[in-house]
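What follows is the content of upload-v6.cif (mmCIF, C-alpha atoms, pLDDT in the B column; chains and numbers go by the auth columns).
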```
data_model
loop_
_atom_site.group_PDB
_atom_site.id
_atom_site.type_symbol
_atom_site.label_atom_id
_atom_site.label_comp_id
_atom_site.label_asym_id
_atom_site.label_seq_id
_atom_site.Cartn_x
_atom_site.Cartn_y
_atom_site.Cartn_z
_atom_site.B_iso_or_equiv
_atom_site.auth_seq_id
_atom_site.auth_asym_id
ATOM 1 C CA MET A 1 83.946 6.350 29.764 93.00 259 A
ATOM 2 C CA LYS A 2 83.064 4.066 32.645 97.00 260 A
ATOM 3 C CA VAL A 3 83.533 0.312 32.290 98.00 261 A
ATOM 4 C CA LEU A 4 82.400 -2.517 34.518 98.00 262 A
ATOM 5 C CA ILE A 5 84.724 -5.534 34.497 98.00 263 A
ATOM 6 C CA THR A 6 83.193 -8.868 35.496 97.00 264 A
ATOM 7 C CA ASN A 7 83.641 -12.596 34.826 95.00 265 A
ATOM 8 C CA ASP A 8 82.261 -16.015 35.745 92.00 266 A
ATOM 9 C CA ASP A 9 85.491 -17.572 37.056 92.00 267 A
ATOM 10 C CA GLY A 10 85.566 -15.482 40.219 94.00 268 A
ATOM 11 C CA ILE A 11 87.308 -12.279 41.202 95.00 269 A
ATOM 12 C CA ASP A 12 90.525 -14.034 42.281 94.00 270 A
ATOM 13 C CA ARG A 13 91.261 -15.573 38.864 94.00 271 A
ATOM 14 C CA ALA A 14 94.080 -14.170 36.751 95.00 272 A
ATOM 15 C CA GLY A 15 92.013 -13.425 33.647 96.00 273 A
ATOM 16 C CA ILE A 16 89.900 -10.681 35.173 97.00 274 A
ATOM 17 C CA HIS A 17 93.009 -8.943 36.507 97.00 275 A
ATOM 18 C CA VAL A 18 94.511 -8.975 33.004 97.00 276 A
ATOM 19 C CA LEU A 19 91.334 -7.480 31.521 98.00 277 A
ATOM 20 C CA ALA A 20 91.150 -4.824 34.242 97.00 278 A
ATOM 21 C CA ARG A 21 94.739 -3.833 33.432 97.00 279 A
ATOM 22 C CA VAL A 22 93.841 -3.574 29.725 97.00 280 A
ATOM 23 C CA ALA A 23 90.904 -1.285 30.514 98.00 281 A
ATOM 24 C CA THR A 24 92.997 0.844 32.863 97.00 282 A
ATOM 25 C CA ASP A 25 95.734 1.256 30.258 97.00 283 A
ATOM 26 C CA LEU A 26 93.088 2.483 27.801 97.00 284 A
ATOM 27 C CA GLY A 27 92.294 5.309 30.213 97.00 285 A
ATOM 28 C CA LEU A 28 88.825 4.075 31.140 97.00 286 A
ATOM 29 C CA ASP A 29 87.148 4.654 34.491 97.00 287 A
ATOM 30 C CA VAL A 30 87.265 1.069 35.772 97.00 288 A
ATOM 31 C CA VAL A 31 85.101 -0.661 38.369 97.00 289 A
ATOM 32 C CA VAL A 32 85.522 -4.396 38.938 97.00 290 A
ATOM 33 C CA ALA A 33 82.580 -6.379 40.299 97.00 291 A
ATOM 34 C CA ALA A 34 82.753 -10.147 39.930 96.00 292 A
ATOM 35 C CA PRO A 35 81.483 -13.290 41.639 94.00 293 A
ATOM 36 C CA ASP A 36 83.202 -14.172 44.889 91.00 294 A
ATOM 37 C CA ARG A 37 83.612 -17.744 43.590 87.00 295 A
ATOM 38 C CA GLU A 38 83.315 -19.600 40.306 85.00 296 A
ATOM 39 C CA ARG A 39 79.983 -19.247 38.497 82.00 297 A
ATOM 40 C CA SER A 40 80.852 -20.914 35.189 79.00 298 A
ATOM 41 C CA GLY A 41 77.857 -22.042 33.157 76.00 299 A
ATOM 42 C CA ALA A 42 75.577 -19.493 34.803 77.00 300 A
ATOM 43 C CA SER A 43 74.423 -18.132 31.439 76.00 301 A
ATOM 44 C CA ALA A 44 72.266 -15.020 31.993 77.00 302 A
ATOM 45 C CA SER A 45 70.738 -16.284 35.234 80.00 303 A
ATOM 46 C CA LEU A 46 69.901 -13.666 37.851 80.00 304 A
ATOM 47 C CA SER A 47 70.862 -15.664 40.918 76.00 305 A
ATOM 48 C CA ALA A 48 72.356 -14.546 44.211 73.00 306 A
ATOM 49 C CA ILE A 49 72.492 -15.118 47.926 66.00 307 A
ATOM 50 C CA GLU A 50 70.520 -12.367 49.579 71.00 308 A
ATOM 51 C CA ASP A 51 70.536 -11.319 53.222 69.00 309 A
ATOM 52 C CA GLY A 52 67.267 -9.659 54.150 75.00 310 A
ATOM 53 C CA GLY A 53 66.720 -8.562 50.558 74.00 311 A
ATOM 54 C CA ARG A 54 70.244 -7.170 50.259 83.00 312 A
ATOM 55 C CA LEU A 55 72.837 -8.421 47.782 86.00 313 A
ATOM 56 C CA ARG A 56 75.948 -9.513 49.643 89.00 314 A
ATOM 57 C CA MET A 57 79.255 -8.030 48.493 91.00 315 A
ATOM 58 C CA ARG A 58 82.574 -6.917 49.932 93.00 316 A
ATOM 59 C CA ALA A 59 85.174 -4.430 48.803 94.00 317 A
ATOM 60 C CA THR A 60 88.441 -6.078 47.811 94.00 318 A
ATOM 61 C CA ASP A 61 91.862 -5.103 46.512 91.00 319 A
ATOM 62 C CA LEU A 62 93.435 -6.023 43.193 90.00 320 A
ATOM 63 C CA THR A 63 97.125 -6.535 43.969 84.00 321 A
ATOM 64 C CA GLU A 64 98.507 -4.949 40.815 87.00 322 A
ATOM 65 C CA LEU A 65 95.750 -2.317 40.498 92.00 323 A
ATOM 66 C CA PRO A 66 95.489 -0.700 43.947 90.00 324 A
ATOM 67 C CA ASP A 67 93.608 2.342 42.641 91.00 325 A
ATOM 68 C CA VAL A 68 90.800 0.320 41.005 95.00 326 A
ATOM 69 C CA THR A 69 87.565 -0.066 42.949 95.00 327 A
ATOM 70 C CA ALA A 70 86.708 -3.751 43.176 96.00 328 A
ATOM 71 C CA TYR A 71 83.930 -5.821 44.724 96.00 329 A
ATOM 72 C CA ALA A 72 83.502 -9.537 45.294 96.00 330 A
ATOM 73 C CA VAL A 73 79.777 -10.209 44.923 94.00 331 A
ATOM 74 C CA ASP A 74 77.790 -13.262 45.974 92.00 332 A
ATOM 75 C CA ALA A 75 75.893 -13.398 42.680 91.00 333 A
ATOM 76 C CA SER A 76 75.958 -14.625 39.111 91.00 334 A
ATOM 77 C CA PRO A 77 77.813 -12.454 36.581 94.00 335 A
ATOM 78 C CA ALA A 78 74.589 -11.562 34.747 93.00 336 A
ATOM 79 C CA LEU A 79 72.997 -10.313 37.954 94.00 337 A
ATOM 80 C CA ILE A 80 76.109 -8.270 38.685 96.00 338 A
ATOM 81 C CA ALA A 81 75.842 -6.688 35.234 96.00 339 A
ATOM 82 C CA PHE A 82 72.085 -6.215 35.704 95.00 340 A
ATOM 83 C CA VAL A 83 72.372 -4.290 38.983 95.00 341 A
ATOM 84 C CA ALA A 84 75.449 -2.386 37.783 96.00 342 A
ATOM 85 C CA CYS A 85 73.390 -0.960 34.936 96.00 343 A
ATOM 86 C CA ASP A 86 70.946 0.326 37.555 93.00 344 A
ATOM 87 C CA GLY A 87 73.699 2.021 39.579 94.00 345 A
ATOM 88 C CA ALA A 88 74.634 -0.610 42.181 93.00 346 A
ATOM 89 C CA PHE A 89 78.349 0.228 41.889 93.00 347 A
ATOM 90 C CA GLY A 90 78.112 3.939 41.259 92.00 348 A
ATOM 91 C CA SER A 91 76.935 5.518 38.029 95.00 349 A
ATOM 92 C CA PRO A 92 75.817 3.004 35.364 96.00 350 A
ATOM 93 C CA PRO A 93 78.670 1.895 33.077 97.00 351 A
ATOM 94 C CA ASP A 94 78.920 2.864 29.430 97.00 352 A
ATOM 95 C CA LEU A 95 80.768 -0.385 28.723 98.00 353 A
ATOM 96 C CA VAL A 96 80.881 -3.873 30.219 98.00 354 A
ATOM 97 C CA PHE A 97 83.899 -6.132 29.646 98.00 355 A
ATOM 98 C CA SER A 98 83.503 -9.763 30.723 97.00 356 A
ATOM 99 C CA GLY A 99 86.465 -12.140 31.136 93.00 357 A
ATOM 100 C CA ILE A 100 89.144 -12.974 30.379 97.00 358 A
ATOM 101 C CA ASN A 101 87.558 -16.398 30.761 95.00 359 A
ATOM 102 C CA HIS A 102 89.742 -19.405 31.536 94.00 360 A
ATOM 103 C CA GLY A 103 88.529 -21.657 28.715 92.00 361 A
ATOM 104 C CA PRO A 104 86.937 -20.919 25.335 93.00 362 A
ATOM 105 C CA ASN A 105 83.419 -19.654 24.737 93.00 363 A
ATOM 106 C CA THR A 106 82.834 -20.829 21.197 93.00 364 A
ATOM 107 C CA GLY A 107 79.965 -22.200 19.158 90.00 365 A
ATOM 108 C CA HIS A 108 76.352 -22.398 20.166 87.00 366 A
ATOM 109 C CA ALA A 109 77.362 -23.290 23.725 85.00 367 A
ATOM 110 C CA ILE A 110 77.781 -19.556 24.398 90.00 368 A
ATOM 111 C CA LEU A 111 74.110 -19.826 25.339 87.00 369 A
ATOM 112 C CA HIS A 112 75.282 -21.379 28.628 87.00 370 A
ATOM 113 C CA SER A 113 78.286 -19.136 29.245 89.00 371 A
ATOM 114 C CA GLY A 114 78.282 -16.881 32.277 92.00 372 A
ATOM 115 C CA THR A 115 80.933 -14.760 30.566 95.00 373 A
ATOM 116 C CA VAL A 116 78.739 -14.125 27.534 95.00 374 A
ATOM 117 C CA GLY A 117 75.576 -14.029 29.665 94.00 375 A
ATOM 118 C CA ALA A 118 76.886 -10.999 31.535 96.00 376 A
ATOM 119 C CA ALA A 119 77.627 -9.270 28.224 96.00 377 A
ATOM 120 C CA PHE A 120 74.158 -10.060 26.868 95.00 378 A
ATOM 121 C CA THR A 121 72.520 -8.733 30.027 96.00 379 A
ATOM 122 C CA ALA A 122 74.444 -5.469 30.008 96.00 380 A
ATOM 123 C CA ALA A 123 73.827 -5.018 26.282 96.00 381 A
ATOM 124 C CA ALA A 124 70.103 -5.390 26.871 95.00 382 A
ATOM 125 C CA HIS A 125 70.447 -2.406 29.207 95.00 383 A
ATOM 126 C CA GLY A 126 72.169 -0.332 26.537 94.00 384 A
ATOM 127 C CA ALA A 127 75.856 -0.844 27.322 96.00 385 A
ATOM 128 C CA ALA A 128 78.385 -1.720 24.622 96.00 386 A
ATOM 129 C CA THR A 129 79.906 -5.016 25.701 97.00 387 A
ATOM 130 C CA LEU A 130 82.867 -7.304 25.161 97.00 388 A
ATOM 131 C CA ALA A 131 83.301 -10.953 26.211 97.00 389 A
ATOM 132 C CA VAL A 132 86.856 -12.334 26.066 98.00 390 A
ATOM 133 C CA SER A 133 88.007 -15.950 26.539 97.00 391 A
ATOM 134 C CA VAL A 134 91.257 -17.865 26.111 96.00 392 A
ATOM 135 C CA ASP A 135 91.422 -21.493 24.983 94.00 393 A
ATOM 136 C CA ALA A 136 92.947 -22.908 28.171 92.00 394 A
ATOM 137 C CA THR A 137 91.809 -23.368 31.740 89.00 395 A
ATOM 138 C CA GLU A 138 95.333 -22.459 32.887 91.00 396 A
ATOM 139 C CA PRO A 139 96.807 -20.231 30.147 92.00 397 A
ATOM 140 C CA ARG A 140 100.547 -20.380 29.607 91.00 398 A
ATOM 141 C CA ASP A 141 100.935 -16.926 28.052 85.00 399 A
ATOM 142 C CA TRP A 142 98.780 -14.027 29.212 95.00 400 A
ATOM 143 C CA ASP A 143 100.721 -11.528 27.077 96.00 401 A
ATOM 144 C CA CYS A 144 99.061 -12.763 23.893 96.00 402 A
ATOM 145 C CA ALA A 145 95.578 -12.723 25.446 97.00 403 A
ATOM 146 C CA ALA A 146 96.172 -9.236 26.843 97.00 404 A
ATOM 147 C CA GLU A 147 97.234 -7.894 23.433 97.00 405 A
ATOM 148 C CA VAL A 148 94.169 -9.294 21.656 97.00 406 A
ATOM 149 C CA ALA A 149 91.913 -8.038 24.449 98.00 407 A
ATOM 150 C CA ARG A 150 93.492 -4.577 24.151 98.00 408 A
ATOM 151 C CA VAL A 151 92.809 -4.410 20.397 97.00 409 A
ATOM 152 C CA ALA A 152 89.207 -5.596 20.847 97.00 410 A
ATOM 153 C CA ALA A 153 88.541 -3.297 23.801 97.00 411 A
ATOM 154 C CA ALA A 154 89.916 -0.281 21.940 97.00 412 A
ATOM 155 C CA TRP A 155 87.596 -1.068 19.030 97.00 413 A
ATOM 156 C CA VAL A 156 84.614 -1.286 21.384 97.00 414 A
ATOM 157 C CA VAL A 157 85.543 2.053 22.957 97.00 415 A
ATOM 158 C CA ASP A 158 85.891 3.782 19.576 96.00 416 A
ATOM 159 C CA LYS A 159 83.278 2.127 17.383 95.00 417 A
ATOM 160 C CA ALA A 160 80.818 -0.142 19.198 93.00 418 A
ATOM 161 C CA GLN A 161 77.185 0.904 19.382 93.00 419 A
ATOM 162 C CA PRO A 162 75.165 0.805 22.606 94.00 420 A
ATOM 163 C CA GLY A 163 73.616 -2.623 23.018 94.00 421 A
ATOM 164 C CA SER A 164 76.279 -4.413 20.965 94.00 422 A
ATOM 165 C CA VAL A 165 78.025 -7.651 21.988 95.00 423 A
ATOM 166 C CA LEU A 166 81.481 -8.699 20.771 96.00 424 A
ATOM 167 C CA ASN A 167 82.663 -12.236 21.586 97.00 425 A
ATOM 168 C CA VAL A 168 86.428 -12.797 21.347 97.00 426 A
ATOM 169 C CA ASN A 169 88.289 -16.096 21.693 97.00 427 A
ATOM 170 C CA ILE A 170 92.061 -16.432 21.824 97.00 428 A
ATOM 171 C CA PRO A 171 94.266 -19.509 21.405 96.00 429 A
ATOM 172 C CA ASP A 172 96.776 -20.147 24.185 96.00 430 A
ATOM 173 C CA LEU A 173 99.845 -19.195 22.156 96.00 431 A
ATOM 174 C CA ALA A 174 102.831 -16.932 22.437 95.00 432 A
ATOM 175 C CA ARG A 175 102.208 -13.592 20.732 94.00 433 A
ATOM 176 C CA ALA A 176 104.764 -14.410 18.038 95.00 434 A
ATOM 177 C CA ASP A 177 102.865 -17.593 17.151 97.00 435 A
ATOM 178 C CA LEU A 178 99.433 -15.963 16.833 96.00 436 A
ATOM 179 C CA LYS A 179 98.399 -15.558 13.190 97.00 437 A
ATOM 180 C CA GLY A 180 96.126 -12.597 13.882 96.00 438 A
ATOM 181 C CA LEU A 181 92.504 -11.741 14.620 96.00 439 A
ATOM 182 C CA ARG A 182 89.702 -12.838 12.287 96.00 440 A
ATOM 183 C CA ARG A 183 85.938 -12.533 12.172 96.00 441 A
ATOM 184 C CA ALA A 184 84.298 -15.927 12.717 94.00 442 A
ATOM 185 C CA SER A 185 80.946 -17.655 12.674 93.00 443 A
ATOM 186 C CA LEU A 186 79.817 -19.762 15.613 92.00 444 A
ATOM 187 C CA ALA A 187 80.641 -23.457 15.455 90.00 445 A
ATOM 188 C CA PRO A 188 77.563 -25.727 15.745 84.00 446 A
ATOM 189 C CA PHE A 189 78.813 -27.127 19.055 73.00 447 A
ATOM 190 C CA GLY A 190 80.572 -25.762 22.099 61.00 448 A
ATOM 191 C CA ALA A 191 83.486 -26.309 24.409 56.00 449 A
ATOM 192 C CA VAL A 192 81.549 -28.643 26.705 58.00 450 A
ATOM 193 C CA GLN A 193 79.763 -31.789 25.585 59.00 451 A
ATOM 194 C CA ALA A 194 77.362 -33.833 27.725 61.00 452 A
ATOM 195 C CA ARG A 195 77.399 -37.619 27.852 66.00 453 A
ATOM 196 C CA ILE A 196 74.371 -39.545 29.082 79.00 454 A
ATOM 197 C CA GLY A 197 74.992 -42.846 30.845 78.00 455 A
ATOM 198 C CA GLU A 198 72.937 -45.321 32.810 81.00 456 A
ATOM 199 C CA ARG A 199 69.530 -44.323 34.094 84.00 457 A
ATOM 200 C CA ASP A 200 67.011 -45.757 36.490 82.00 458 A
ATOM 201 C CA GLU A 201 63.701 -44.594 37.933 77.00 459 A
ATOM 202 C CA GLU A 202 65.372 -42.062 40.214 77.00 460 A
ATOM 203 C CA SER A 203 68.405 -40.758 38.346 81.00 461 A
ATOM 204 C CA VAL A 204 70.383 -40.511 35.144 84.00 462 A
ATOM 205 C CA ALA A 205 74.170 -40.417 34.891 78.00 463 A
ATOM 206 C CA VAL A 206 75.352 -37.204 33.224 69.00 464 A
ATOM 207 C CA THR A 207 78.995 -36.264 32.691 62.00 465 A
ATOM 208 C CA PHE A 208 80.417 -33.172 31.050 56.00 466 A
ATOM 209 C CA ASP A 209 83.602 -33.298 28.980 55.00 467 A
ATOM 210 C CA GLU A 210 85.526 -30.122 28.316 56.00 468 A
ATOM 211 C CA ILE A 211 86.824 -29.923 24.756 55.00 469 A
ATOM 212 C CA ARG A 212 89.419 -27.341 23.825 52.00 470 A
ATOM 213 C CA ALA A 213 88.693 -25.525 20.592 48.00 471 A
ATOM 214 C CA GLN A 214 92.024 -26.824 19.290 49.00 472 A
ATOM 215 C CA GLU A 215 90.757 -30.409 19.669 52.00 473 A
ATOM 216 C CA GLN A 216 87.622 -29.921 17.561 49.00 474 A
ATOM 217 C CA ASP A 217 88.925 -31.258 14.251 53.00 475 A
ATOM 218 C CA ASP A 218 85.517 -31.374 12.549 60.00 476 A
ATOM 219 C CA SER A 219 84.773 -27.674 13.042 66.00 477 A
ATOM 220 C CA PRO A 220 83.298 -25.986 9.937 80.00 478 A
ATOM 221 C CA PRO A 221 85.811 -23.793 8.065 82.00 479 A
ATOM 222 C CA GLY A 222 85.552 -20.177 9.161 90.00 480 A
ATOM 223 C CA SER A 223 83.980 -21.047 12.503 93.00 481 A
ATOM 224 C CA ASP A 224 85.442 -19.815 15.771 94.00 482 A
ATOM 225 C CA ALA A 225 86.562 -23.294 16.849 92.00 483 A
ATOM 226 C CA ALA A 226 88.229 -24.029 13.494 93.00 484 A
ATOM 227 C CA LEU A 227 90.107 -20.741 13.367 95.00 485 A
ATOM 228 C CA ILE A 228 91.344 -21.039 16.936 94.00 486 A
ATOM 229 C CA ALA A 229 92.631 -24.528 16.145 92.00 487 A
ATOM 230 C CA ASP A 230 94.529 -22.967 13.229 94.00 488 A
ATOM 231 C CA GLY A 231 96.189 -20.348 15.422 96.00 489 A
ATOM 232 C CA TRP A 232 93.863 -17.378 14.955 96.00 490 A
ATOM 233 C CA ALA A 233 92.096 -15.293 17.557 96.00 491 A
ATOM 234 C CA THR A 234 88.440 -14.829 16.613 96.00 492 A
ATOM 235 C CA VAL A 235 85.777 -12.172 16.961 96.00 493 A
ATOM 236 C CA THR A 236 82.045 -12.722 16.524 96.00 494 A
ATOM 237 C CA ALA A 237 79.367 -10.054 16.703 95.00 495 A
ATOM 238 C CA LEU A 238 76.331 -11.331 18.629 93.00 496 A
ATOM 239 C CA ARG A 239 72.754 -10.143 18.855 87.00 497 A
ATOM 240 C CA VAL A 240 71.029 -9.733 22.198 85.00 498 A
ATOM 241 C CA PRO A 241 68.262 -12.295 22.801 75.00 499 A
ATOM 242 C CA PRO A 242 65.366 -12.641 22.677 65.00 500 A
ATOM 243 C CA ILE A 243 65.421 -12.502 18.880 64.00 501 A
ATOM 244 C CA GLU A 244 62.021 -12.137 17.258 67.00 502 A
ATOM 245 C CA ALA A 245 61.534 -14.300 14.160 65.00 503 A
ATOM 246 C CA PRO A 246 59.202 -12.177 11.997 68.00 504 A
ATOM 247 C CA ASP A 247 59.189 -14.608 9.052 71.00 505 A
ATOM 248 C CA THR A 248 57.987 -17.607 11.043 72.00 506 A
ATOM 249 C CA ASP A 249 54.677 -18.916 9.705 73.00 507 A
ATOM 250 C CA LEU A 250 52.237 -18.942 12.627 74.00 508 A
ATOM 251 C CA ASP A 251 49.077 -19.439 10.565 75.00 509 A
ATOM 252 C CA GLY A 252 46.705 -21.839 12.231 77.00 510 A
ATOM 253 C CA LEU A 253 47.910 -21.077 15.743 78.00 511 A
ATOM 254 C CA VAL A 254 44.609 -19.954 17.253 80.00 512 A
ATOM 255 C CA LEU A 255 42.706 -20.264 20.491 83.00 513 A
#
```
Could you render the structure as structure tokens?
Amino acid sequence: MKVLITNDDGIDRAGIHVLARVATDLGLDVVVAAPDRERSGASASLSAIEDGGRLRMRATDLTELPDVTAYAVDASPALIAFVACDGAFGSPPDLVFSGINHGPNTGHAILHSGTVGAAFTAAAHGAATLAVSVDATEPRDWDCAAEVARVAAAWVVDKAQPGSVLNVNIPDLARADLKGLRRASLAPFGAVQARIGERDEESVAVTFDEIRAQEQDDSPPGSDAALIADGWATVTALRVPPIEAPDTDLDGLVL
């Protein structure tokens, strides 16, 4: 099976190299194509720098994976997944793995995540997808994250249906300290909160505060943020948007 590995942190970040190693060890046909710089918060945007209608990219080497084909692309992760599914990097992938993100992707804020956005985009094209994140911008222990990613990736390879999305979050713990992997609901908030300050006629002050999942004490029990704070890795099955709401009462909406 062919897998595309991408992320939103950029191709030089450690997390994507860990995930590429996981996929290689599973015996998958691996191609890495990721942004040439950080694209966090890109959601599923299809943005890029084009040169005469051509998407700019360059072949690159992964130090510990010299036999893996890799590209640094001047585009958002969702656009990379989008064009990959149309054959931009060889035959379309059966699977798309996104991550391992430096920082959690929990709660309803996954709507804004470039990591999850790439997975959503590929799933909409029929690929089975996996998004993986660790609850630290500079993780102390990649061994634990790699082990959880391996278990999740193997499940996707063996059991995931085309068009499915699995979102995995991992606390930054040593493997011996991890309690295990549990299914979780989405917390009602995310890992980034906005604060609105002074405003005038021309501007408004907006700051963004990053909140680790382990700092979210008021997370609902069973939610991804609450379980991560308690030492569990979490997995949440997501549905590809747009989601039709067939039971919504639209009576009276006429032209």
Residues returned when the PyMOL selection byres ((chain A and resi 263-273) around 7) runs on this file, as a PDB file with C-alpha atoms, in the frame of the given file:
```pdb
ATOM      1  CA  VAL A 261      83.533   0.312  32.290  1.00 98.00           C
ATOM      2  CA  LEU A 262      82.400  -2.517  34.518  1.00 98.00           C
ATOM      3  CA  ILE A 274      89.900 -10.681  35.173  1.00 97.00           C
ATOM      4  CA  HIS A 275      93.009  -8.943  36.507  1.00 97.00           C
ATOM      5  CA  VAL A 276      94.511  -8.975  33.004  1.00 97.00           C
ATOM      6  CA  LEU A 277      91.334  -7.480  31.521  1.00 98.00           C
ATOM      7  CA  ALA A 278      91.150  -4.824  34.242  1.00 97.00           C
ATOM      8  CA  VAL A 289      85.101  -0.661  38.369  1.00 97.00           C
ATOM      9  CA  VAL A 290      85.522  -4.396  38.938  1.00 97.00           C
ATOM     10  CA  ALA A 291      82.580  -6.379  40.299  1.00 97.00           C
ATOM     11  CA  ALA A 292      82.753 -10.147  39.930  1.00 96.00           C
ATOM     12  CA  PRO A 293      81.483 -13.290  41.639  1.00 94.00           C
ATOM     13  CA  ASP A 294      83.202 -14.172  44.889  1.00 91.00           C
ATOM     14  CA  ARG A 295      83.612 -17.744  43.590  1.00 87.00           C
ATOM     15  CA  GLU A 296      83.315 -19.600  40.306  1.00 85.00           C
ATOM     16  CA  ARG A 297      79.983 -19.247  38.497  1.00 82.00           C
ATOM     17  CA  SER A 298      80.852 -20.914  35.189  1.00 79.00           C
ATOM     18  CA  ALA A 330      83.502  -9.537  45.294  1.00 96.00           C
ATOM     19  CA  PRO A 335      77.813 -12.454  36.581  1.00 94.00           C
ATOM     20  CA  VAL A 354      80.881  -3.873  30.219  1.00 98.00           C
ATOM     21  CA  PHE A 355      83.899  -6.132  29.646  1.00 98.00           C
ATOM     22  CA  SER A 356      83.503  -9.763  30.723  1.00 97.00           C
ATOM     23  CA  GLY A 357      86.465 -12.140  31.136  1.00 93.00           C
ATOM     24  CA  ILE A 358      89.144 -12.974  30.379  1.00 97.00           C
ATOM     25  CA  ASN A 359      87.558 -16.398  30.761  1.00 95.00           C
ATOM     26  CA  HIS A 360      89.742 -19.405  31.536  1.00 94.00           C
ATOM     27  CA  GLY A 372      78.282 -16.881  32.277  1.00 92.00           C
ATOM     28  CA  THR A 373      80.933 -14.760  30.566  1.00 95.00           C
TER      29      THR A 373
END
```
*Restricting the calculation to only C-alpha atoms, which member of A:Ala403, A:Ala333, A:Thr327, A:Val498 is positioned closest to A:Arg314?*
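For A:Arg314, the nearest of the given residues is A:Ala333.
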*asked:* Just to confirm, what's the straight-line distance from atom CA of A:Leu424 to atom CA of A:Pro351 in Å (one decimal)?
replied: 16.5 Å
*For A:Lys260: contacts at 6 Å, only C-alpha atoms, fewer than 2 positions along chain excluded, given as JSON, numbers by chain*: {"A": [286, 287, 351, 352]}
*A:Trp400, A:Phe378, A:Trp413, A:Phe447: which is nearest A:Arg497, counting only C-alpha atoms?*
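Looking only at the distances to A:Arg497, the closest residue turns out to be A:Phe378.
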_Need the shell around A:Pro429: protein/DNA/RNA residues with any atom at most 12 Å away, counting only C-alpha atoms. Skip same-chain ones fewer than 2 positions apart. Format as a PyMOL selection string?_
chain A and resi 359-364+390-404+406+426-427+431-433+435-439+470-473+482-492
Protein, DNA and RNA residues within 7 Å of (80.5, -5.4, 26.2), only C-alpha atoms, as a compact mmCIF listing (two decimals) with C-alpha atoms, in the frame of the given file:
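Result file follows (out27.txt):
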```txt
# COMPACT_ATOMS: atom_id res chain seq x y z
CA LEU A 353 80.77 -0.38 28.72
CA VAL A 354 80.88 -3.87 30.22
CA PHE A 355 83.90 -6.13 29.65
CA SER A 356 83.50 -9.76 30.72
CA ALA A 377 77.63 -9.27 28.22
CA ALA A 381 73.83 -5.02 26.28
CA ALA A 385 75.86 -0.84 27.32
CA ALA A 386 78.39 -1.72 24.62
CA THR A 387 79.91 -5.02 25.70
CA LEU A 388 82.87 -7.30 25.16
CA ALA A 389 83.30 -10.95 26.21
CA SER A 422 76.28 -4.41 20.96
CA VAL A 423 78.03 -7.65 21.99
CA LEU A 424 81.48 -8.70 20.77
```
*Provide the atom CA of A:Ala442 to atom CA of A:Val493 distance in Å, to one decimal place.*
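So the two atoms, atom CA of A:Ala442 and atom CA of A:Val493, lie 5.9 Å apart.
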*Given the choices A:Pro478, A:Pro324, A:Gly384, A:Gly299, which gets closest to A:Asp344 if the distance is worked out from only C-alpha atoms?*
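Closest residue, counting only C-alpha atoms: A:Gly384.
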*Measure the distance from atom CA of A:His383 to atom CA of A:Ile338 in Å and round it to one decimal.*
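These two atoms are separated by 12.5 Å.
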*Go through A:Arg441, A:Val374, A:Val331, A:Ala407 and flag the residue nearest A:Ala300, using all atoms listed in the file for the distances.*
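Nearest candidate to A:Ala300 out of A:Arg441, A:Val374, A:Val331, A:Ala407: A:Val374.
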*Between A:Val288, A:Ala382, A:Leu323, A:Leu369, which is the closest to A:Phe347 once you count all atoms listed in the file?*
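Smallest distance to A:Phe347 is found for A:Val288.
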Can you report as JSON the centre and edge lengths in Å, to one decimal, of an axis-aligned box around the listed atoms of stretch 399-414 of chain A padded with 4 Å on each side?
```
{"center_x": 92.8, "center_y": -8.6, "center_z": 24.1, "size_x": 24.3, "size_y": 24.6, "size_z": 18.2}
```
Hey, could you patch up stretch 268-276 of chain A with N, CA and C atoms and hand it over as an mmCIF file, in the frame of the given file?
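New file rebuild-v9.cif:
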```
data_model
loop_
_atom_site.group_PDB
_atom_site.id
_atom_site.type_symbol
_atom_site.label_atom_id
_atom_site.label_comp_id
_atom_site.auth_asym_id
_atom_site.auth_seq_id
_atom_site.Cartn_x
_atom_site.Cartn_y
_atom_site.Cartn_z
ATOM 1 N N GLY A 268 85.327 -15.976 38.875
ATOM 2 C CA GLY A 268 85.566 -15.482 40.219
ATOM 3 C C GLY A 268 86.606 -14.380 40.225
ATOM 4 N N ILE A 269 86.495 -13.489 41.179
ATOM 5 C CA ILE A 269 87.308 -12.279 41.202
ATOM 6 C C ILE A 269 88.785 -12.557 41.444
ATOM 7 N N ASP A 270 89.124 -13.732 41.981
ATOM 8 C CA ASP A 270 90.525 -14.034 42.281
ATOM 9 C C ASP A 270 91.285 -14.639 41.106
ATOM 10 N N ARG A 271 90.607 -14.930 39.999
ATOM 11 C CA ARG A 271 91.261 -15.573 38.864
ATOM 12 C C ARG A 271 92.083 -14.562 38.056
ATOM 13 N N ALA A 272 93.130 -15.056 37.429
ATOM 14 C CA ALA A 272 94.080 -14.170 36.751
ATOM 15 C C ALA A 272 93.452 -13.403 35.595
ATOM 16 N N GLY A 273 92.545 -14.043 34.856
ATOM 17 C CA GLY A 273 92.013 -13.425 33.647
ATOM 18 C C GLY A 273 91.347 -12.088 33.867
ATOM 19 N N ILE A 274 90.603 -11.946 34.951
ATOM 20 C CA ILE A 274 89.900 -10.681 35.173
ATOM 21 C C ILE A 274 90.882 -9.575 35.541
ATOM 22 N N HIS A 275 91.988 -9.933 36.179
ATOM 23 C CA HIS A 275 93.009 -8.943 36.507
ATOM 24 C C HIS A 275 93.694 -8.453 35.229
ATOM 25 N N VAL A 276 93.924 -9.365 34.284
ATOM 26 C CA VAL A 276 94.511 -8.975 33.004
ATOM 27 C C VAL A 276 93.580 -8.020 32.263
#
```
